[in-house]
Amino acid sequence: MLYMDYAATSPLYEEVIDTIAEVMKSHYGNPSSIHRLGVEAEKLLQSAKGVIATSLKVSPSEIICTSGGTESNNLAIKGVAYNYQQRGKHLITTQIEHPSVKEVFAGLEQEGFRVTYLPVSKTGCVKLEDLQAVISEDTILVSIMYVNNEIGTIQPIQEIGQYLAGFPKIIFHVDAVQGIAKLPLEPKTWGIDLCSASAHKFRGPKGAGFLYRRAGVQLKPLLAGGGQEFGVRSGTENVPLIVGMAKALRISMDNLAAKIARKQAFRQQLLAGIGAIPELSISGSAVEQEMAPHIVHFAFAGMKAEVVVHALEQKGIYISTRSACSSGESEPSEVMLALGYPRDVAASGLRISFSDEHQAQDIALFLRSLQEVVKELAPMRNPSVIHRGKRN
């Protein structure tokens, strides 16, 4: 089996599995309890927050534990919108956000908030001038992802954070689910007020995540309850998963520069191999610094993406597509549509995502298998869209 769908989820580190099991077995107290078992659990919780905070160069008191990226994004966006709506009701995001962001904004529009969806370039990048043009006195929140989960484009969040520093009434939220532990991330230094993360993207457990909240930012709680997590996120903390998340983050952040370089080499190997197959077209920017090191996205014009996914699966190789399948019909990717692809080509997008623990021979095996699949499937393509799949 060759698993190349790390952007969807990642296997846990063995050390993390062992740590979670040990905490579950020996430290099962409620961290809110005042007896010894509760105090021990609370110490583990605070220690885990310390590890996370150190990795991001922030304070442990600025880390709010959640159930994952979706909850973190919901808490950040709704928490700001509801808490600061007396200042204004204008919110800004992009056309290519993850559904856990985009759907939240759609819901807030139904509640009377005004949302601006920034366009992106053909490579999937937001332009600072487009943001500058839509900010108004009514703007209270800007939410822009760090790395696009589908294409892999890196957004200029440092530049945006620096610019927004001149607007102290505007809160800047970054969905860093696909960027954390893959690229450098310093929320406080970069002018980020809120930053979302999910453990299972960096080889931690599913069901755990966190939200960095800069000191001074107020959030309207989404859950009523016992007031855990500084009164922002009620509910008994899942100490074993939080401890596992912290350990996974620490391991992932160790020697990060070397890990990035290794994945960039794999990415170049993939780009060269995919680029040599005439039927395929690579998405995103040709500038390496503008693309995440762990994601490669391409289209097979005229071919349903899920057909390719299942053909590779038959060879023991697992990649993914963001195109939804309904009643046997492929829906086009909203991200690819936002990049300017026609609907039929946007239904043929495929994503490879990998780790630094892959080997060069894994990449070579994938490329050989992909060539075989393309050769097998090419005669089945819809000829009316083949001309649209050319690379830029």
# chains A, B, ... in the order shown; residues from 1 in each chain; ligands from 1

$ select_by_dssp --residues "region 103-322 of chain A" --states "strand (DSSP E or B)" --output "PyMOL selection string"
chain A and resi 114-118+139-143+147+153-154+171-175+180+183+194-198+209-213+280-282+291+295-300+317-318+320

$ closest_atom_pairs --of "region 284-328 of chain A" --to "region 354-369 of chain A" --cutoff "12 Å" --atoms "only C-alpha atoms" --output "JSON lines"
{"residue": "A:Ala292", "atom": "CA", "partner": "A:Phe354", "partner_atom": "CA", "distance": 11.0}
{"residue": "A:Pro293", "atom": "CA", "partner": "A:Phe354", "partner_atom": "CA", "distance": 8.9}
{"residue": "A:His294", "atom": "CA", "partner": "A:Phe354", "partner_atom": "CA", "distance": 5.4}
{"residue": "A:Ile295", "atom": "CA", "partner": "A:Phe354", "partner_atom": "CA", "distance": 6.9}
{"residue": "A:Val296", "atom": "CA", "partner": "A:Phe354", "partner_atom": "CA", "distance": 9.0}
{"residue": "A:His297", "atom": "CA", "partner": "A:Phe354", "partner_atom": "CA", "distance": 11.9}
{"residue": "A:Val308", "atom": "CA", "partner": "A:Ser369", "partner_atom": "CA", "distance": 10.9}
{"residue": "A:Val309", "atom": "CA", "partner": "A:Ser369", "partner_atom": "CA", "distance": 11.6}
{"residue": "A:Ala311", "atom": "CA", "partner": "A:Ser369", "partner_atom": "CA", "distance": 9.4}
{"residue": "A:Leu312", "atom": "CA", "partner": "A:Ser369", "partner_atom": "CA", "distance": 7.1}
{"residue": "A:Glu313", "atom": "CA", "partner": "A:Ser369", "partner_atom": "CA", "distance": 10.2}
{"residue": "A:Gln314", "atom": "CA", "partner": "A:Ser369", "partner_atom": "CA", "distance": 10.2}
{"residue": "A:Lys315", "atom": "CA", "partner": "A:Ser369", "partner_atom": "CA", "distance": 7.4}
{"residue": "A:Gly316", "atom": "CA", "partner": "A:Ser369", "partner_atom": "CA", "distance": 9.6}
{"residue": "A:Ile317", "atom": "CA", "partner": "A:Phe366", "partner_atom": "CA", "distance": 7.3}
{"residue": "A:Tyr318", "atom": "CA", "partner": "A:Phe366", "partner_atom": "CA", "distance": 9.5}
{"residue": "A:Ile319", "atom": "CA", "partner": "A:Phe354", "partner_atom": "CA", "distance": 9.4}
{"residue": "A:Ser320", "atom": "CA", "partner": "A:Phe354", "partner_atom": "CA", "distance": 11.6}

$ atom_distance --atom1 "CA of Ser47 (chain A)" --atom2 "CA of Ala7 (chain A)"
27.6 Å

$ closest_residue --among "A:His98, A:Lys89, A:Lys259, A:Lys206" --to "Arg114 (chain A)" --atoms "only C-alpha atoms"
A:Lys89

$ residues_around --residues "Val104 (chain A)" --least-positions-apart "2" --cutoff "12 Å" --atoms "only C-alpha atoms" --output "PDB file with N, CA, C and O atoms, in the first residue's frame"
ATOM      1  N   THR A  70     -12.588  22.178  12.251  1.00  0.00           N
ATOM      2  CA  THR A  70     -13.933  22.701  12.003  1.00  0.00           C
ATOM      3  C   THR A  70     -14.436  23.499  13.195  1.00  0.00           C
ATOM      4  O   THR A  70     -14.950  24.617  13.036  1.00  0.00           O
ATOM      5  N   GLU A  71     -14.281  22.966  14.397  1.00  0.00           N
ATOM      6  CA  GLU A  71     -14.722  23.704  15.573  1.00  0.00           C
ATOM      7  C   GLU A  71     -13.890  24.965  15.771  1.00  0.00           C
ATOM      8  O   GLU A  71     -14.432  26.035  16.105  1.00  0.00           O
ATOM      9  N   SER A  72     -12.596  24.877  15.573  1.00  0.00           N
ATOM     10  CA  SER A  72     -11.739  26.051  15.730  1.00  0.00           C
ATOM     11  C   SER A  72     -12.144  27.160  14.776  1.00  0.00           C
ATOM     12  O   SER A  72     -12.215  28.338  15.152  1.00  0.00           O
ATOM     13  N   ASN A  73     -12.424  26.808  13.517  1.00  0.00           N
ATOM     14  CA  ASN A  73     -12.843  27.808  12.543  1.00  0.00           C
ATOM     15  C   ASN A  73     -14.197  28.411  12.908  1.00  0.00           C
ATOM     16  O   ASN A  73     -14.407  29.628  12.821  1.00  0.00           O
ATOM     17  N   ASN A  74     -15.133  27.560  13.318  1.00  0.00           N
ATOM     18  CA  ASN A  74     -16.449  28.057  13.721  1.00  0.00           C
ATOM     19  C   ASN A  74     -16.344  28.985  14.920  1.00  0.00           C
ATOM     20  O   ASN A  74     -16.971  30.059  14.958  1.00  0.00           O
ATOM     21  N   LEU A  75     -15.558  28.583  15.917  1.00  0.00           N
ATOM     22  CA  LEU A  75     -15.407  29.392  17.117  1.00  0.00           C
ATOM     23  C   LEU A  75     -14.765  30.735  16.798  1.00  0.00           C
ATOM     24  O   LEU A  75     -15.196  31.775  17.305  1.00  0.00           O
ATOM     25  N   ALA A  76     -13.748  30.720  15.956  1.00  0.00           N
ATOM     26  CA  ALA A  76     -13.059  31.956  15.602  1.00  0.00           C
ATOM     27  C   ALA A  76     -13.985  32.922  14.860  1.00  0.00           C
ATOM     28  O   ALA A  76     -14.104  34.094  15.223  1.00  0.00           O
ATOM     29  N   ILE A  77     -14.648  32.428  13.833  1.00  0.00           N
ATOM     30  CA  ILE A  77     -15.433  33.302  12.959  1.00  0.00           C
ATOM     31  C   ILE A  77     -16.728  33.756  13.633  1.00  0.00           C
ATOM     32  O   ILE A  77     -17.027  34.957  13.700  1.00  0.00           O
ATOM     33  N   LYS A  78     -17.497  32.808  14.139  1.00  0.00           N
ATOM     34  CA  LYS A  78     -18.737  33.187  14.816  1.00  0.00           C
ATOM     35  C   LYS A  78     -18.440  33.944  16.103  1.00  0.00           C
ATOM     36  O   LYS A  78     -19.161  34.896  16.459  1.00  0.00           O
ATOM     37  N   GLY A  79     -17.400  33.500  16.817  1.00  0.00           N
ATOM     38  CA  GLY A  79     -17.062  34.158  18.071  1.00  0.00           C
ATOM     39  C   GLY A  79     -16.763  35.627  17.887  1.00  0.00           C
ATOM     40  O   GLY A  79     -17.182  36.468  18.689  1.00  0.00           O
ATOM     41  N   ALA A  81     -17.689  37.479  15.079  1.00  0.00           N
ATOM     42  CA  ALA A  81     -18.860  38.142  14.489  1.00  0.00           C
ATOM     43  C   ALA A  81     -19.889  38.512  15.548  1.00  0.00           C
ATOM     44  O   ALA A  81     -20.401  39.638  15.579  1.00  0.00           O
ATOM     45  N   LEU A  91     -17.610  41.306   6.958  1.00  0.00           N
ATOM     46  CA  LEU A  91     -16.630  40.240   7.099  1.00  0.00           C
ATOM     47  C   LEU A  91     -15.982  39.983   5.742  1.00  0.00           C
ATOM     48  O   LEU A  91     -16.640  40.083   4.705  1.00  0.00           O
ATOM     49  N   THR A  93     -13.479  37.258   3.465  1.00  0.00           N
ATOM     50  CA  THR A  93     -12.804  35.965   3.311  1.00  0.00           C
ATOM     51  C   THR A  93     -12.467  35.785   1.841  1.00  0.00           C
ATOM     52  O   THR A  93     -12.470  36.756   1.074  1.00  0.00           O
ATOM     53  N   GLU A  97     -11.921  29.111   0.390  1.00  0.00           N
ATOM     54  CA  GLU A  97     -11.748  28.601   1.745  1.00  0.00           C
ATOM     55  C   GLU A  97     -12.312  27.185   1.891  1.00  0.00           C
ATOM     56  O   GLU A  97     -13.157  26.744   1.113  1.00  0.00           O
ATOM     57  N   HIS A  98     -11.861  26.510   2.934  1.00  0.00           N
ATOM     58  CA  HIS A  98     -12.395  25.202   3.288  1.00  0.00           C
ATOM     59  C   HIS A  98     -13.873  25.354   3.664  1.00  0.00           C
ATOM     60  O   HIS A  98     -14.286  26.407   4.169  1.00  0.00           O
ATOM     61  N   PRO A  99     -14.699  24.318   3.436  1.00  0.00           N
ATOM     62  CA  PRO A  99     -16.121  24.417   3.799  1.00  0.00           C
ATOM     63  C   PRO A  99     -16.366  24.807   5.251  1.00  0.00           C
ATOM     64  O   PRO A  99     -17.378  25.458   5.554  1.00  0.00           O
ATOM     65  N   SER A 100     -15.479  24.428   6.168  1.00  0.00           N
ATOM     66  CA  SER A 100     -15.689  24.782   7.571  1.00  0.00           C
ATOM     67  C   SER A 100     -15.517  26.272   7.820  1.00  0.00           C
ATOM     68  O   SER A 100     -15.831  26.753   8.909  1.00  0.00           O
ATOM     69  N   VAL A 101     -15.032  26.987   6.835  1.00  0.00           N
ATOM     70  CA  VAL A 101     -14.983  28.445   6.870  1.00  0.00           C
ATOM     71  C   VAL A 101     -16.080  29.026   5.979  1.00  0.00           C
ATOM     72  O   VAL A 101     -16.872  29.865   6.395  1.00  0.00           O
ATOM     73  N   LYS A 102     -16.114  28.542   4.757  1.00  0.00           N
ATOM     74  CA  LYS A 102     -17.040  29.120   3.771  1.00  0.00           C
ATOM     75  C   LYS A 102     -18.497  28.966   4.196  1.00  0.00           C
ATOM     76  O   LYS A 102     -19.307  29.889   4.057  1.00  0.00           O
ATOM     77  N   ALA A 106     -21.481  31.755   4.975  1.00  0.00           N
ATOM     78  CA  ALA A 106     -22.787  31.691   4.310  1.00  0.00           C
ATOM     79  C   ALA A 106     -23.908  31.777   5.337  1.00  0.00           C
ATOM     80  O   ALA A 106     -24.927  32.450   5.122  1.00  0.00           O
ATOM     81  N   GLY A 107     -23.724  31.108   6.479  1.00  0.00           N
ATOM     82  CA  GLY A 107     -24.721  31.178   7.535  1.00  0.00           C
ATOM     83  C   GLY A 107     -24.821  32.558   8.140  1.00  0.00           C
ATOM     84  O   GLY A 107     -25.934  33.045   8.436  1.00  0.00           O
ATOM     85  N   LEU A 108     -23.683  33.222   8.316  1.00  0.00           N
ATOM     86  CA  LEU A 108     -23.702  34.571   8.886  1.00  0.00           C
ATOM     87  C   LEU A 108     -24.372  35.564   7.938  1.00  0.00           C
ATOM     88  O   LEU A 108     -25.006  36.527   8.387  1.00  0.00           O
ATOM     89  N   GLU A 109     -24.231  35.332   6.642  1.00  0.00           N
ATOM     90  CA  GLU A 109     -24.946  36.192   5.682  1.00  0.00           C
ATOM     91  C   GLU A 109     -26.454  36.096   5.898  1.00  0.00           C
ATOM     92  O   GLU A 109     -27.170  37.106   5.794  1.00  0.00           O
ATOM     93  N   GLN A 110     -26.943  34.906   6.217  1.00  0.00           N
ATOM     94  CA  GLN A 110     -28.369  34.732   6.468  1.00  0.00           C
ATOM     95  C   GLN A 110     -28.808  35.464   7.732  1.00  0.00           C
ATOM     96  O   GLN A 110     -29.993  35.740   7.919  1.00  0.00           O
ATOM     97  N   GLU A 111     -27.841  35.768   8.608  1.00  0.00           N
ATOM     98  CA  GLU A 111     -28.146  36.463   9.857  1.00  0.00           C
ATOM     99  C   GLU A 111     -27.954  37.969   9.753  1.00  0.00           C
ATOM    100  O   GLU A 111     -28.048  38.676  10.763  1.00  0.00           O
ATOM    101  N   PHE A 113     -25.159  39.607   8.320  1.00  0.00           N
ATOM    102  CA  PHE A 113     -23.801  40.088   8.123  1.00  0.00           C
ATOM    103  C   PHE A 113     -23.517  40.230   6.625  1.00  0.00           C
ATOM    104  O   PHE A 113     -24.081  39.510   5.806  1.00  0.00           O
ATOM    105  N   VAL A 115     -20.755  39.826   3.735  1.00  0.00           N
ATOM    106  CA  VAL A 115     -19.506  39.096   3.509  1.00  0.00           C
ATOM    107  C   VAL A 115     -18.955  39.408   2.125  1.00  0.00           C
ATOM    108  O   VAL A 115     -19.677  39.341   1.131  1.00  0.00           O
ATOM    109  N   SER A 143     -10.678  36.676   7.308  1.00  0.00           N
ATOM    110  CA  SER A 143     -10.334  35.263   7.503  1.00  0.00           C
ATOM    111  C   SER A 143      -9.778  34.702   6.201  1.00  0.00           C
ATOM    112  O   SER A 143     -10.488  34.607   5.201  1.00  0.00           O
TER     113      SER A 143
END

$ select_by_dssp --residues "region 91-132 of chain A" --states "helix (DSSP H, G or I)" --output "list in words"
Pro99, Ser100, Val101, Lys102, Glu103, Val104, Phe105, Ala106, Gly107, Leu108, Glu109, Gln110, Leu128, Glu129, Asp130, Leu131 and Gln132 of chain A

$ closest_atom_pairs --of "region 75-148 of chain A" --to "region 268-285 of chain A" --cutoff "10 Å" --atoms "only C-alpha atoms" --output "tab-separated table"
residue	atom	partner	partner_atom	distance
A:Ser121	CA	A:Gly284	CA	9.5
A:Lys122	CA	A:Gly284	CA	7.4
A:Thr123	CA	A:Gly284	CA	4.3
A:Gly124	CA	A:Gly284	CA	6.4
A:Cys125	CA	A:Ser285	CA	8.8

$ write_last_selection --atoms "C-alpha atoms" --output "JSON list (two decimals), in the first residue's frame"
[["chain", "number", "residue", "atom", "x", "y", "z"],
["A", 121, "SER", "CA", -5.42, 34.54, -9.27],
["A", 122, "LYS", "CA", -5.23, 31.63, -11.70],
["A", 123, "THR", "CA", -2.68, 30.08, -9.33],
["A", 124, "GLY", "CA", -5.03, 30.45, -6.33],
["A", 125, "CYS", "CA", -3.38, 33.41, -4.62]]

$ atom_distance --atom1 "CA of Ser198 (chain A)" --atom2 "CA of Phe210 (chain A)"
6.6 Å

$ residues_around --residues "region 161-163 of chain A" --least-positions-apart "4" --cutoff "12 Å" --atoms "only C-alpha atoms" --output "count of residues only"
29
